[in-house]
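What's in query-v1.cif: mmCIF, N, CA and C atoms
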```cif
data_structure
#
loop_
_atom_site.group_PDB
_atom_site.id
_atom_site.type_symbol
_atom_site.label_atom_id
_atom_site.label_comp_id
_atom_site.auth_asym_id
_atom_site.auth_seq_id
_atom_site.Cartn_x
_atom_site.Cartn_y
_atom_site.Cartn_z
ATOM 1 N N MET A 1 11.888 -52.140 2.402
ATOM 2 C CA MET A 1 12.254 -51.091 3.336
ATOM 3 C C MET A 1 13.278 -51.655 4.318
ATOM 4 N N ILE A 2 14.297 -50.878 4.581
ATOM 5 C CA ILE A 2 15.331 -51.275 5.522
ATOM 6 C C ILE A 2 14.987 -50.701 6.893
ATOM 7 N N PHE A 3 14.941 -51.568 7.889
ATOM 8 C CA PHE A 3 14.629 -51.102 9.229
ATOM 9 C C PHE A 3 15.911 -50.851 10.013
ATOM 10 N N MET A 4 15.893 -49.801 10.799
ATOM 11 C CA MET A 4 17.077 -49.371 11.539
ATOM 12 C C MET A 4 17.222 -50.086 12.877
ATOM 13 N N GLU A 5 16.173 -50.713 13.321
ATOM 14 C CA GLU A 5 16.152 -51.361 14.628
ATOM 15 C C GLU A 5 16.510 -50.378 15.741
ATOM 16 N N LEU A 6 15.620 -49.462 15.963
ATOM 17 C CA LEU A 6 15.803 -48.474 17.025
ATOM 18 C C LEU A 6 15.885 -49.168 18.379
ATOM 19 N N PRO A 7 16.674 -48.639 19.284
ATOM 20 C CA PRO A 7 16.729 -49.239 20.626
ATOM 21 C C PRO A 7 15.374 -49.100 21.319
ATOM 22 N N LEU A 8 14.938 -50.149 21.969
ATOM 23 C CA LEU A 8 13.606 -50.173 22.563
ATOM 24 C C LEU A 8 13.517 -49.401 23.876
ATOM 25 N N ALA A 9 14.594 -49.340 24.637
ATOM 26 C CA ALA A 9 14.541 -48.705 25.960
ATOM 27 C C ALA A 9 14.092 -47.238 25.892
ATOM 28 N N PRO A 10 14.651 -46.415 25.003
ATOM 29 C CA PRO A 10 14.189 -45.019 24.952
ATOM 30 C C PRO A 10 12.723 -44.896 24.516
ATOM 31 N N ILE A 11 12.302 -45.778 23.629
ATOM 32 C CA ILE A 11 10.906 -45.767 23.183
ATOM 33 C C ILE A 11 9.995 -46.141 24.346
ATOM 34 N N GLU A 12 10.390 -47.160 25.093
ATOM 35 C CA GLU A 12 9.607 -47.577 26.257
ATOM 36 C C GLU A 12 9.523 -46.450 27.285
ATOM 37 N N LYS A 13 10.610 -45.750 27.491
ATOM 38 C CA LYS A 13 10.633 -44.631 28.440
ATOM 39 C C LYS A 13 9.638 -43.548 28.025
ATOM 40 N N ILE A 14 9.607 -43.236 26.736
ATOM 41 C CA ILE A 14 8.652 -42.238 26.230
ATOM 42 C C ILE A 14 7.220 -42.719 26.428
ATOM 43 N N LEU A 15 6.961 -43.974 26.099
ATOM 44 C CA LEU A 15 5.612 -44.521 26.212
ATOM 45 C C LEU A 15 5.129 -44.574 27.657
ATOM 46 N N LYS A 16 6.035 -44.814 28.580
ATOM 47 C CA LYS A 16 5.645 -44.903 29.986
ATOM 48 C C LYS A 16 5.217 -43.553 30.551
ATOM 49 N N LYS A 17 5.527 -42.476 29.853
ATOM 50 C CA LYS A 17 5.080 -41.161 30.300
ATOM 51 C C LYS A 17 3.566 -41.023 30.222
ATOM 52 N N SER A 18 2.917 -41.974 29.550
ATOM 53 C CA SER A 18 1.456 -41.972 29.462
ATOM 54 C C SER A 18 0.821 -42.517 30.736
ATOM 55 N N ASN A 19 1.656 -42.908 31.706
ATOM 56 C CA ASN A 19 1.197 -43.483 32.976
ATOM 57 C C ASN A 19 0.397 -44.771 32.787
ATOM 58 N N MET A 20 0.711 -45.495 31.726
ATOM 59 C CA MET A 20 0.080 -46.786 31.460
ATOM 60 C C MET A 20 1.171 -47.841 31.423
ATOM 61 N N ARG A 21 0.800 -49.056 31.743
ATOM 62 C CA ARG A 21 1.737 -50.155 31.567
ATOM 63 C C ARG A 21 1.791 -50.470 30.074
ATOM 64 N N ILE A 22 2.977 -50.726 29.578
ATOM 65 C CA ILE A 22 3.168 -50.971 28.150
ATOM 66 C C ILE A 22 3.808 -52.350 27.981
ATOM 67 N N SER A 23 3.185 -53.189 27.172
ATOM 68 C CA SER A 23 3.746 -54.523 26.943
ATOM 69 C C SER A 23 4.961 -54.433 26.026
ATOM 70 N N ASN A 24 5.804 -55.439 26.080
ATOM 71 C CA ASN A 24 6.983 -55.490 25.209
ATOM 72 C C ASN A 24 6.585 -55.499 23.741
ATOM 73 N N ASP A 25 5.491 -56.200 23.425
ATOM 74 C CA ASP A 25 5.023 -56.231 22.042
ATOM 75 C C ASP A 25 4.580 -54.848 21.577
ATOM 76 N N ALA A 26 3.945 -54.094 22.468
ATOM 77 C CA ALA A 26 3.514 -52.736 22.112
ATOM 78 C C ALA A 26 4.725 -51.842 21.843
ATOM 79 N N VAL A 27 5.751 -51.980 22.651
ATOM 80 C CA VAL A 27 6.974 -51.191 22.451
ATOM 81 C C VAL A 27 7.589 -51.537 21.092
ATOM 82 N N LYS A 28 7.622 -52.808 20.750
ATOM 83 C CA LYS A 28 8.172 -53.236 19.456
ATOM 84 C C LYS A 28 7.351 -52.675 18.295
ATOM 85 N N GLU A 29 6.027 -52.685 18.443
ATOM 86 C CA GLU A 29 5.165 -52.146 17.386
ATOM 87 C C GLU A 29 5.382 -50.643 17.209
ATOM 88 N N PHE A 30 5.507 -49.921 18.330
ATOM 89 C CA PHE A 30 5.807 -48.490 18.236
ATOM 90 C C PHE A 30 7.154 -48.269 17.562
ATOM 91 N N SER A 31 8.123 -49.111 17.851
ATOM 92 C CA SER A 31 9.440 -49.008 17.240
ATOM 93 C C SER A 31 9.342 -49.143 15.724
ATOM 94 N N ILE A 32 8.600 -50.120 15.271
ATOM 95 C CA ILE A 32 8.401 -50.333 13.834
ATOM 96 C C ILE A 32 7.715 -49.115 13.217
ATOM 97 N N LEU A 33 6.689 -48.608 13.883
ATOM 98 C CA LEU A 33 5.969 -47.443 13.389
ATOM 99 C C LEU A 33 6.884 -46.225 13.282
ATOM 100 N N LEU A 34 7.684 -45.990 14.310
ATOM 101 C CA LEU A 34 8.612 -44.860 14.299
ATOM 102 C C LEU A 34 9.639 -44.993 13.180
ATOM 103 N N GLU A 35 10.105 -46.205 12.937
ATOM 104 C CA GLU A 35 11.059 -46.437 11.859
ATOM 105 C C GLU A 35 10.431 -46.130 10.505
ATOM 106 N N GLU A 36 9.192 -46.566 10.310
ATOM 107 C CA GLU A 36 8.500 -46.306 9.043
ATOM 108 C C GLU A 36 8.312 -44.814 8.824
ATOM 109 N N ILE A 37 7.860 -44.119 9.853
ATOM 110 C CA ILE A 37 7.649 -42.672 9.746
ATOM 111 C C ILE A 37 8.968 -41.963 9.463
ATOM 112 N N THR A 38 10.028 -42.371 10.157
ATOM 113 C CA THR A 38 11.343 -41.761 9.968
ATOM 114 C C THR A 38 11.834 -41.970 8.541
ATOM 115 N N CYS A 39 11.672 -43.172 8.016
ATOM 116 C CA CYS A 39 12.094 -43.448 6.641
ATOM 117 C C CYS A 39 11.303 -42.609 5.639
ATOM 118 N N ASP A 40 9.998 -42.498 5.843
ATOM 119 C CA ASP A 40 9.159 -41.707 4.938
ATOM 120 C C ASP A 40 9.574 -40.239 4.945
ATOM 121 N N ILE A 41 9.731 -39.684 6.126
ATOM 122 C CA ILE A 41 10.069 -38.266 6.240
ATOM 123 C C ILE A 41 11.484 -38.004 5.725
ATOM 124 N N SER A 42 12.426 -38.878 6.052
ATOM 125 C CA SER A 42 13.800 -38.651 5.597
ATOM 126 C C SER A 42 13.915 -38.761 4.081
ATOM 127 N N GLY A 43 13.183 -39.681 3.493
ATOM 128 C CA GLY A 43 13.186 -39.801 2.031
ATOM 129 C C GLY A 43 12.626 -38.561 1.365
ATOM 130 N N GLU A 44 11.526 -38.074 1.899
ATOM 131 C CA GLU A 44 10.908 -36.858 1.358
ATOM 132 C C GLU A 44 11.818 -35.650 1.567
ATOM 133 N N ALA A 45 12.445 -35.559 2.736
ATOM 134 C CA ALA A 45 13.358 -34.441 3.019
ATOM 135 C C ALA A 45 14.552 -34.470 2.070
ATOM 136 N N ALA A 46 15.073 -35.649 1.778
ATOM 137 C CA ALA A 46 16.191 -35.771 0.839
ATOM 138 C C ALA A 46 15.769 -35.327 -0.561
ATOM 139 N N ALA A 47 14.562 -35.694 -0.950
ATOM 140 C CA ALA A 47 14.062 -35.279 -2.265
ATOM 141 C C ALA A 47 13.901 -33.757 -2.331
ATOM 142 N N ILE A 48 13.440 -33.166 -1.266
ATOM 143 C CA ILE A 48 13.286 -31.709 -1.209
ATOM 144 C C ILE A 48 14.650 -31.034 -1.329
ATOM 145 N N ALA A 49 15.623 -31.514 -0.573
ATOM 146 C CA ALA A 49 16.971 -30.946 -0.635
ATOM 147 C C ALA A 49 17.543 -31.071 -2.043
ATOM 148 N N LYS A 50 17.356 -32.238 -2.649
ATOM 149 C CA LYS A 50 17.866 -32.467 -4.006
ATOM 150 C C LYS A 50 17.195 -31.533 -5.011
ATOM 151 N N SER A 51 15.886 -31.324 -4.836
ATOM 152 C CA SER A 51 15.164 -30.429 -5.759
ATOM 153 C C SER A 51 15.632 -28.982 -5.640
ATOM 154 N N LYS A 52 16.247 -28.664 -4.506
ATOM 155 C CA LYS A 52 16.786 -27.318 -4.289
ATOM 156 C C LYS A 52 18.279 -27.261 -4.599
ATOM 157 N N GLY A 53 18.803 -28.336 -5.198
ATOM 158 C CA GLY A 53 20.193 -28.365 -5.623
ATOM 159 C C GLY A 53 21.192 -28.604 -4.509
ATOM 160 N N ARG A 54 20.743 -29.204 -3.425
ATOM 161 C CA ARG A 54 21.638 -29.462 -2.290
ATOM 162 C C ARG A 54 21.770 -30.955 -2.051
ATOM 163 N N LYS A 55 22.905 -31.341 -1.472
ATOM 164 C CA LYS A 55 23.118 -32.722 -1.043
ATOM 165 C C LYS A 55 22.859 -32.875 0.447
ATOM 166 N N THR A 56 22.787 -31.746 1.145
ATOM 167 C CA THR A 56 22.598 -31.742 2.593
ATOM 168 C C THR A 56 21.136 -31.467 2.930
ATOM 169 N N VAL A 57 20.570 -32.294 3.782
ATOM 170 C CA VAL A 57 19.207 -32.087 4.261
ATOM 171 C C VAL A 57 19.260 -31.108 5.435
ATOM 172 N N LEU A 58 18.462 -30.054 5.343
ATOM 173 C CA LEU A 58 18.384 -29.054 6.400
ATOM 174 C C LEU A 58 17.119 -29.263 7.231
ATOM 175 N N ALA A 59 17.089 -28.635 8.390
ATOM 176 C CA ALA A 59 15.915 -28.734 9.266
ATOM 177 C C ALA A 59 14.653 -28.285 8.536
ATOM 178 N N GLU A 60 14.774 -27.264 7.723
ATOM 179 C CA GLU A 60 13.598 -26.769 6.987
ATOM 180 C C GLU A 60 13.078 -27.824 6.002
ATOM 181 N N ASP A 61 13.971 -28.656 5.464
ATOM 182 C CA ASP A 61 13.549 -29.748 4.568
ATOM 183 C C ASP A 61 12.741 -30.786 5.341
ATOM 184 N N VAL A 62 13.193 -31.080 6.552
ATOM 185 C CA VAL A 62 12.489 -32.052 7.395
ATOM 186 C C VAL A 62 11.107 -31.523 7.759
ATOM 187 N N THR A 63 11.048 -30.234 8.103
ATOM 188 C CA THR A 63 9.763 -29.619 8.453
ATOM 189 C C THR A 63 8.808 -29.653 7.262
ATOM 190 N N GLU A 64 9.312 -29.316 6.093
ATOM 191 C CA GLU A 64 8.475 -29.333 4.884
ATOM 192 C C GLU A 64 8.040 -30.747 4.551
ATOM 193 N N ALA A 65 8.935 -31.707 4.696
ATOM 194 C CA ALA A 65 8.597 -33.109 4.432
ATOM 195 C C ALA A 65 7.516 -33.600 5.373
ATOM 196 N N ARG A 66 7.640 -33.213 6.640
ATOM 197 C CA ARG A 66 6.634 -33.621 7.636
ATOM 198 C C ARG A 66 5.259 -33.077 7.266
ATOM 199 N N ARG A 67 5.227 -31.829 6.824
ATOM 200 C CA ARG A 67 3.942 -31.243 6.397
ATOM 201 C C ARG A 67 3.355 -31.975 5.193
ATOM 202 N N LYS A 68 4.218 -32.324 4.239
ATOM 203 C CA LYS A 68 3.743 -33.007 3.031
ATOM 204 C C LYS A 68 3.202 -34.393 3.346
ATOM 205 N N ILE A 69 3.827 -35.081 4.287
ATOM 206 C CA ILE A 69 3.460 -36.475 4.568
ATOM 207 C C ILE A 69 2.184 -36.572 5.412
ATOM 208 N N LYS A 70 1.924 -35.566 6.218
ATOM 209 C CA LYS A 70 0.701 -35.604 7.051
ATOM 210 C C LYS A 70 -0.461 -35.745 6.166
#
```
Exercise: express the given structure as structure tokens:
Amino acid sequence: MIFMELPLAPIEKILKKSNMRISNDAVKEFSILLEEITCDISGEAAAIAKSKGRKTVLAEDVTEARRKIK
């Protein structure tokens, strides 16, 4: 799996909305988790688009992929 290396600052900002202190290691772990979820959903969405004869992934493909992966 290829990791995108998401920027940590926006992830940390989201996590801090929980009103908890978040360690740097926790932010990194969330980053890895978000990357994995994003890769899974995007792969499924691409497969859905392809099965419908399209090269472009639409929002509805992402929504359907998210439902399938849950």
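For the structure in this document, the set picked by the PyMOL selection byres ((chain A and resi 7-17) around 8) is A:Met4, A:Glu5, A:Leu6, A:Ser18, A:Asn19, A:Met20, A:Arg21, A:Ile22, A:Ala26, A:Val27, A:Lys28, A:Phe30, A:Ser31.
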Between atom CA of A:Glu64 and atom C of A:Ile41, measure the distance and give it in Å to one decimal.
-> 9.2 Å
Identify, on the basis of all atoms listed in the file, every residue whose closest approach to A:Leu58 does not exceed 7 Å; exclude the query and any residue fewer than 5 positions from it along the same chain; express the result as a PyMOL selection string.
-> chain A and resi 45+49+63
Extract, using only C-alpha atoms, all DNA, RNA and protein residues at most 9 Å from A:Ala65, discarding same-chain residues fewer than 6 positions from it, and format them as a PyMOL selection string.
-> chain A and resi 40-48
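When atom CA of A:Ser51 is paired with atom CA of A:Leu33, their separation reads 27.2 Å.
Taking atom CA of A:Glu36 and atom CA of A:Val62 as the two end points, the separation is 14.9 Å.
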Could you pull out all residues of stretch 28-66 of chain A with a DSSP call of alpha helix (DSSP H) and give them as a PyMOL selection string?
-> chain A and resi 28-51+59-66
